[in-house]
Amino acid sequence: MGSPVQGAVGPAAGLSGVGPDGAAPTRRGTELLLLGFAAFVVSAALMLVEANQNEQLTLRIVWYGLAFLALFGAAHWAVRKYAPYADPLILPCVALLNGLGLVMIYRIDLALTEKALRAGEEINNDVPKQILWTALALVLFLAVLIVIRDHRTLTKYNYTFGLAGLFLLALPAVLPNAIAPTINGAKIWLRFGPFSIQPGEFAKILLLIFFAAFLVSKRDLFMVAGRRVLGVDLPRARDLGPILFAWGVSLAVLVFQKDLGTSLLFFGTILVMLYVATERGIWVVVGLTLFVGGCFVAYQLFTHVQQRVANWFDPLSTYADAGGGYQIAQALFGLGTGGVGGTGLGAGRPELVPLANTDFIAAAIGEELGFIGLAALLMVYTLLAMRGMRSALAVRDTFGKLLGGGLSFLLVMQVFVVVGGVTKLIPMTGITAPFLSYGGSSLLANYVLVALLLRISDAARRPQTGVRPRPVAQVPIAEDRTVMVERPPTERPT
Amino acid sequence: MNTPLRRVGLAMLCMIVLLLANATYIQIIKADDYRKDSRNQRVLLEEYSRERGKILARSSNNQIQVLATVQPTNNRLRYLRQYTNGPLYAPVTGFYSTRYGAGGLERAEDEILNGSDDRLFVRRLSDLITGRDPRGGNIELTINPATQLAAYQAMEKQGFAGSVVALNPKTGEVLAMVSTPSYDPNPLSAHNGAAQEKAWREYNADKRKPMLNRAIAETYAPGSTFKLVVAAAALEDGKTKDDQVTATDRIGVGGSELRNYNRGFCNGSQTTVTMETALSLSCNTAFAQLAHDLDEKLPEQAAKFGVGENDLRVPMKVTQSCVGPAAGDQCMTISDPNALYQSGIGQRDVRLTPLQNAQIVATIANGGERMKPQLVKSVLAPDLSEIAKLDEDSLGRAMSRSSADQLRDMMVASEAKTGGDGKTNGLTIASKTGTAETGNDPKNTPPFAWYVAFAPAEDPKIAVAVLVESRDVAATGGKLSAAVGRATINAFLAGGS
C-alpha cells in the first residue's frame, strides 16, 4: 500500500520543498504539479466535448482551464498553509473527479438543451449550479481545514455530532411534503426555493465521526468476550447495542425515506468501523446476518424493494413496466454501446438514460469513455481511498485511524453502491457518485470528507516533535506498527 | 488496529475489482447483445447520423450518375438521404426512412451502405485511428441511365401502370428496372417526422400502388408470351420450327372452349401450320395442344427458365413465379389436362414477374444459357476503391443452342407481324407480344399487355420485358407495350455500350 515517502532525497525532494522544520518533505510541489495535470486533463476533455458537439472551439476553454486551476489553487494554498504535510495525491484526485464530473454534466446539459429546444420546453442547465456548488464546497473545505487544526478535537463533540446527525437524517421523513417532497420515490430532500439539499449526506459524516469517537471511548467494552459457542467468541448481548442501533437506523431510513442507498452505506460503514475498532471478525458475521435479515424483511414488506430486485435480475424483461428496468436497461445499452473504447466524449447519447447527470453518471462515462475510461475513473477513486487508508494506517491515534478508515471506506462504498447499481452488479439504489454527480449536498459532504482525510494525513506525516520523539513515519508502511499506549504489547493480537 | 485496517483496505480493493470484473462482463462480453438490442435507440440514431454510402450508376459514356446521396445537416441526424430523380429510380434504390425503415436496395445492401459490412472492416479500423467518422460504402449499379430513362418516359408519357425490365443477356446485368406509377422516396427520408408520415400515408392510400415494385414484387399472367416457353419445350422435345401443329379454331376445355384471338383458324388453314407461323400469329389452339402433348415437360422447361425459383435475390428478393395454382408445393404442378391447355397460352394459374419474363427472353437471346440477373455492378469503399465486383453467374442451360436459334428465328418472324411504333430500319428485333386476360370476367376486364424482345437478333445485347396493366378492354400487347419495348431497346443501342 504505497512506498515509503520519507527519505526520498534528490530532485524529487527539492521539487516538493521541505517542511518548516526542515526535517521532512511536504510534497506540496508534487500536489501542485498533479493539480496542473488534472486541469490539463479536464480542459482536454472539455475540448473533446466541444469538438464532438460541433461547438465552436475558442480560447474560452483555456480560460475555463485556468479558472479551474485557480479554484483548486486556492484549495492547494489552504492545504499548504493549514495542512502542509497532507498527502499530495488526495487533492489532485478530487480535482480530477470533480472536473470530469463538470465536463460530463456540461455535456449532458448540451444534449438536454437540444432536446428541450426541439420540444419547445424550458431549458434548465445544471452546470452553472454545479460550478457554484463546487465553489461553495471548496469554501466549506477551507473552513474545515482552518477550524479543525487537529482532528482529535472532534472527539470532544461526539455526542453533539451524533445527535445532529440523527436529526438531519430524520428531518426529511418528519417534515411535511411541502418542504420535504418525495422525489423519484425517496423522501430525502429538503427544498428551499430553487435549491434542494439532502441532509442525509451530511448526517453520514456526522454519524461517522460520532461512531469513531464512541467506539474509541468504549473500545474496551467490545473487546470483552461473551459466551463461546462452537469455538467462536460471541459478543455479549449488551455489547450488541451499537450494531443494533445502526441496524435500526438504517432500517428506519429504508422504511420512512425509501432510500436504499443511504441505508446500505450507513450500515456498511458502521459495521466496518466496529470491526476495525474491536479487531474481531465476529462483528462482521453478526452484522451481515442482521443485514441479510433486514433485507429479507424489507423484501417481504415493500413493493419498491421487490421492484428493485426484479429489475436487478432482469432489467430487460421489466423494461416496459412502471417502475421497471427501463433506466437500468438504458444504462446497460449505453455501456454496451460504449464497449471497450467508448463512443468518444460528446459523441454518445448519454442523455437517453434518465438521471444521466446524477445517479447514472457512471453509465454516461462508461458510454462515452468506454470500459477504459470507466476503469480509469475507478482507479482514481481507488487511489484516493487508498491514500486515505494509508493515512489511517500511519496516523498514531486510534480515533484518527478509525475516522480515516471509516471515511475511506465510505468513499469506496459509495462508489461500489452507485457503480455496482448502474452496471447491474447489485440492485440499483439511488445515490450519487462522489464528486462526479450533479448535486450540491453530495459535493459539500464529500469535500468535508476529503478535508478530514487531509487533516488526518497531515497528522500522519507530520514529523514528530516534543513528546513523541520517534519518527514513526520513517518506518515503511508495510512494516508499520501502531504504538498502543493503552495496553501492554503482550496483549496485542498477532 | 492496523491489521483490521489493512483487511478493510483489501476488502475495498476487492470491491473495486468486482466492479471492474462486472464492467468487463457488461462492456466487453455482453456489449454486442446490448448494442444490438432493438430497444437501444443509440444504434438507430447512430446509423442515421452516419454518412451513408451513395448509390451510383454509370452511363454509356462512362459518366457517373449519383442516384442516392447524403447531404450534411445541422440537426441531430447528421445526414439527410437524398435521391436525384427519385421516382425514376425508386423501384431500384427504394427508400430510407427513420420511421418506416428501408426498402429496395437501401434495405438489401444496408450493411454496405451503412458501413457495417465486414468487407469494410479495414477502412473502419483506419477511420477509427484517424478519428474520422465511419462512413458507408458505395454501390454502383448495372443500370444504364439512358435506358432506364427511356423506358420510364415511354411508360409515363402514356400514363401506363406497369413495368419494364431490361437485361444484358450475356451477363445477367439489369440494365433497366422501371415500375410505374412510381413515388418519390425523398419525403420518406426527410428528417421531419410529419413529412415522412404524410408521404407514407399518401403513397399507401393511392389505389395505383406507387410503392409496389411491379418488376419483381408482383406476378402477372404472361399470356401469349408464355408460348415461348411452350415452343422451347417442344423444340427441346425434338420438334423443329417447321414441324406442323394444329390450326384448329377451337379446343374444348372442360365445359368451355379455347379459341384463337380472331376466333378463326390459324392462318386460315383448316389443317395444320408450321410452329413458326403459329407463334408469329400467336395462335392459341396450336400452343394449347402443344402444351397438352408435352404434359410434364412444360413445367420442367419453365423451371429451367427459372419459374418456381424462390430464392432469387438481385439483391432484393424476387417474388416466386409459378405455373401451378399456389406458391410452395403446387407452384410447379399443373394438375389436370384442362389446366394444361390453358397454361400453354399463359393463362389459368401461370404467373410471372416481369423480371422472370425478361429472364426467359434473355436466356433465348443468350443461346439457351440462363444468367443470374444482378443489379449491383460493384461495391466501392468510401474512397471509391473497389471492394467487390459483379461475378457473372450462369444458372445453367435452359435449352440447346440450336433450339434457341430456332426460337430466335420464330421470334423474328413474330416481330415482323407485330405493329406499333418504334421500329428502326436496319435493326432486327426478336420479340413476342402477349395479351393476358385477367379477372373473373375477362371479356370486360382490361388485360395485361406484354412485349418481350431482344435485339439485335443476330448478336443480342439487350433483352426486355414490358408489362402494361392496361385500362382499355381492347388493348393488346402489340398496341401498347411494343412501342415501350422498342424505345427501351433503341435507347440502349443508341448509347453504344
# chains A, B, ... in the order shown; residues from 1 in each chain; ligands from 1

$ closest_atom_pairs --of "chain B" --to "chain A" --cutoff "6 Å" --atoms "only C-alpha atoms" --output "tab-separated table"
residue	atom	partner	partner_atom	distance
B:Asn2	CA	A:Leu393	CA	5.9
B:Pro4	CA	A:Val276	CA	5.1
B:Leu5	CA	A:Val276	CA	5.9
B:Gln27	CA	A:Gly339	CA	4.7
B:Ile28	CA	A:Gly339	CA	5.8
B:Ala31	CA	A:Gly336	CA	3.9
B:Tyr34	CA	A:Phe333	CA	4.9
B:Arg35	CA	A:Thr337	CA	4.9
B:Asn40	CA	A:Phe333	CA	5.9

$ residues_around --residues "Leu294 in chain B" --least-positions-apart "6" --cutoff "10 Å" --atoms "only C-alpha atoms" --output "list in words"
Val230, Ala233, Ala234, Asp237, Ala288, Glu300, Gln301, Leu340 and Gly344 of chain B

$ select_by_dssp --residues "range 341-388 of chain B" --states "strand (DSSP E or B)" --output "PDB file with N, CA and C atoms, in the first residue's frame"
ATOM      1  N   ARG B 351     -48.225 -17.462 -63.591  1.00  0.00           N
ATOM      2  CA  ARG B 351     -47.997 -16.085 -63.121  1.00  0.00           C
ATOM      3  C   ARG B 351     -46.505 -15.813 -63.149  1.00  0.00           C
ATOM      4  N   LEU B 352     -46.107 -14.769 -63.872  1.00  0.00           N
ATOM      5  CA  LEU B 352     -44.682 -14.433 -63.944  1.00  0.00           C
ATOM      6  C   LEU B 352     -44.460 -12.997 -63.491  1.00  0.00           C
ATOM      7  N   GLU B 369     -28.452 -20.336 -72.515  1.00  0.00           N
ATOM      8  CA  GLU B 369     -27.829 -20.348 -71.186  1.00  0.00           C
ATOM      9  C   GLU B 369     -28.393 -19.200 -70.358  1.00  0.00           C
ATOM     10  N   ARG B 370     -28.849 -19.548 -69.160  1.00  0.00           N
ATOM     11  CA  ARG B 370     -29.500 -18.541 -68.336  1.00  0.00           C
ATOM     12  C   ARG B 370     -28.505 -17.919 -67.357  1.00  0.00           C
ATOM     13  N   MET B 371     -28.422 -16.600 -67.400  1.00  0.00           N
ATOM     14  CA  MET B 371     -27.511 -15.883 -66.499  1.00  0.00           C
ATOM     15  C   MET B 371     -28.317 -15.318 -65.337  1.00  0.00           C
ATOM     16  N   GLN B 374     -28.579  -9.601 -62.039  1.00  0.00           N
ATOM     17  CA  GLN B 374     -27.918  -8.895 -60.934  1.00  0.00           C
ATOM     18  C   GLN B 374     -27.996  -7.400 -61.144  1.00  0.00           C
ATOM     19  N   VAL B 376     -26.189  -5.151 -58.873  1.00  0.00           N
ATOM     20  CA  VAL B 376     -25.034  -4.464 -58.310  1.00  0.00           C
ATOM     21  C   VAL B 376     -23.800  -4.778 -59.134  1.00  0.00           C
ATOM     22  N   LYS B 377     -23.242  -3.750 -59.753  1.00  0.00           N
ATOM     23  CA  LYS B 377     -22.067  -3.947 -60.590  1.00  0.00           C
ATOM     24  C   LYS B 377     -20.825  -4.018 -59.731  1.00  0.00           C
ATOM     25  N   SER B 378     -20.709  -3.119 -58.767  1.00  0.00           N
ATOM     26  CA  SER B 378     -19.553  -3.200 -57.875  1.00  0.00           C
ATOM     27  C   SER B 378     -19.854  -2.524 -56.549  1.00  0.00           C
ATOM     28  N   VAL B 379     -19.118  -2.996 -55.552  1.00  0.00           N
ATOM     29  CA  VAL B 379     -19.208  -2.410 -54.223  1.00  0.00           C
ATOM     30  C   VAL B 379     -17.937  -1.613 -54.023  1.00  0.00           C
ATOM     31  N   LEU B 380     -18.095  -0.347 -53.672  1.00  0.00           N
ATOM     32  CA  LEU B 380     -16.933   0.532 -53.560  1.00  0.00           C
ATOM     33  C   LEU B 380     -16.776   1.005 -52.122  1.00  0.00           C
ATOM     34  N   GLU B 386     -12.379  -0.252 -55.273  1.00  0.00           N
ATOM     35  CA  GLU B 386     -13.313  -1.355 -55.473  1.00  0.00           C
ATOM     36  C   GLU B 386     -13.120  -2.450 -54.432  1.00  0.00           C
ATOM     37  N   ILE B 387     -14.219  -2.903 -53.856  1.00  0.00           N
ATOM     38  CA  ILE B 387     -14.149  -3.974 -52.860  1.00  0.00           C
ATOM     39  C   ILE B 387     -14.634  -5.285 -53.458  1.00  0.00           C
ATOM     40  N   ALA B 388     -15.722  -5.220 -54.209  1.00  0.00           N
ATOM     41  CA  ALA B 388     -16.256  -6.426 -54.823  1.00  0.00           C
ATOM     42  C   ALA B 388     -16.853  -6.042 -56.158  1.00  0.00           C
TER      43      ALA B 388
END

$ residues_around --residues "Gly367 in chain B" --least-positions-apart "6" --cutoff "8 Å" --atoms "only C-alpha atoms" --output "list in words"
Met399, Ser400, Arg401, Ser402, Ala404 and Asp405 of chain B

$ write_last_selection --atoms "N, CA, C and O atoms" --output "PDB file, in the first residue's frame"
ATOM      1  N   MET B 399     -31.958 -24.539 -72.617  1.00  0.00           N
ATOM      2  CA  MET B 399     -32.234 -25.214 -73.891  1.00  0.00           C
ATOM      3  C   MET B 399     -30.945 -25.231 -74.717  1.00  0.00           C
ATOM      4  O   MET B 399     -30.012 -24.481 -74.447  1.00  0.00           O
ATOM      5  N   SER B 400     -30.929 -26.099 -75.740  1.00  0.00           N
ATOM      6  CA  SER B 400     -29.723 -26.204 -76.568  1.00  0.00           C
ATOM      7  C   SER B 400     -29.590 -24.961 -77.438  1.00  0.00           C
ATOM      8  O   SER B 400     -30.553 -24.239 -77.677  1.00  0.00           O
ATOM      9  N   ARG B 401     -28.361 -24.732 -77.918  1.00  0.00           N
ATOM     10  CA  ARG B 401     -28.114 -23.567 -78.758  1.00  0.00           C
ATOM     11  C   ARG B 401     -28.979 -23.615 -80.021  1.00  0.00           C
ATOM     12  O   ARG B 401     -29.545 -22.610 -80.436  1.00  0.00           O
ATOM     13  N   SER B 402     -29.101 -24.824 -80.633  1.00  0.00           N
ATOM     14  CA  SER B 402     -29.873 -24.906 -81.879  1.00  0.00           C
ATOM     15  C   SER B 402     -31.347 -24.617 -81.623  1.00  0.00           C
ATOM     16  O   SER B 402     -31.996 -23.925 -82.402  1.00  0.00           O
ATOM     17  N   ALA B 404     -32.467 -22.690 -79.298  1.00  0.00           N
ATOM     18  CA  ALA B 404     -32.525 -21.259 -79.052  1.00  0.00           C
ATOM     19  C   ALA B 404     -32.495 -20.494 -80.358  1.00  0.00           C
ATOM     20  O   ALA B 404     -33.230 -19.509 -80.536  1.00  0.00           O
ATOM     21  N   ASP B 405     -31.646 -20.962 -81.317  1.00  0.00           N
ATOM     22  CA  ASP B 405     -31.559 -20.285 -82.619  1.00  0.00           C
ATOM     23  C   ASP B 405     -32.880 -20.371 -83.366  1.00  0.00           C
ATOM     24  O   ASP B 405     -33.343 -19.403 -83.973  1.00  0.00           O
TER      25      ASP B 405
END

$ residues_around --residues "Gly53 in chain B" --least-positions-apart "6" --cutoff "8 Å" --atoms "only C-alpha atoms" --output "PyMOL selection string"
chain B and resi 69-70+112-115+135-139+382

$ select_by_dssp --residues "range 255-473 of chain A" --states "alpha helix (DSSP H)" --output "JSON, numbers by chain"
{"A": [255, 256, 257, 260, 261, 262, 263, 264, 265, 266, 267, 268, 269, 270, 271, 272, 273, 274, 275, 276, 277, 278, 282, 283, 284, 285, 286, 287, 288, 289, 290, 291, 292, 293, 294, 295, 296, 297, 298, 299, 300, 301, 303, 304, 305, 306, 307, 308, 309, 310, 311, 312, 313, 326, 327, 328, 329, 330, 331, 332, 333, 334, 335, 336, 337, 338, 361, 362, 363, 364, 365, 366, 367, 368, 370, 371, 372, 373, 374, 375, 376, 377, 378, 379, 380, 381, 382, 383, 384, 385, 386, 387, 388, 389, 390, 391, 392, 393, 394, 398, 399, 400, 401, 402, 403, 404, 405, 406, 407, 408, 409, 410, 411, 412, 413, 414, 415, 416, 417, 418, 419, 420, 421, 422, 440, 441, 442, 443, 444, 445, 446, 447, 448, 449, 450, 451, 452, 453, 454, 455, 456, 457, 458, 459, 460, 461]}

$ closest_residue --among "B:Gly328, B:Gly434, B:Gly103, B:Gly254" --to "Cys283 in chain B" --atoms "only C-alpha atoms"
B:Gly434

$ residues_around --residues "Gln257 in chain A" --least-positions-apart "2" --cutoff "9 Å" --atoms "only C-alpha atoms" --output "ChimeraX atom specification"
/A:170,172-173,182,185-188,252-255,259-260

$ residues_around --residues "Cys331 in chain B" --least-positions-apart "5" --cutoff "7 Å" --atoms "only C-alpha atoms" --output "PyMOL selection string"
chain B and resi 308+322-326

$ residues_around --residues "Glu156 in chain B" --least-positions-apart "5" --cutoff "9 Å" --atoms "only C-alpha atoms" --output "count of residues only"
4
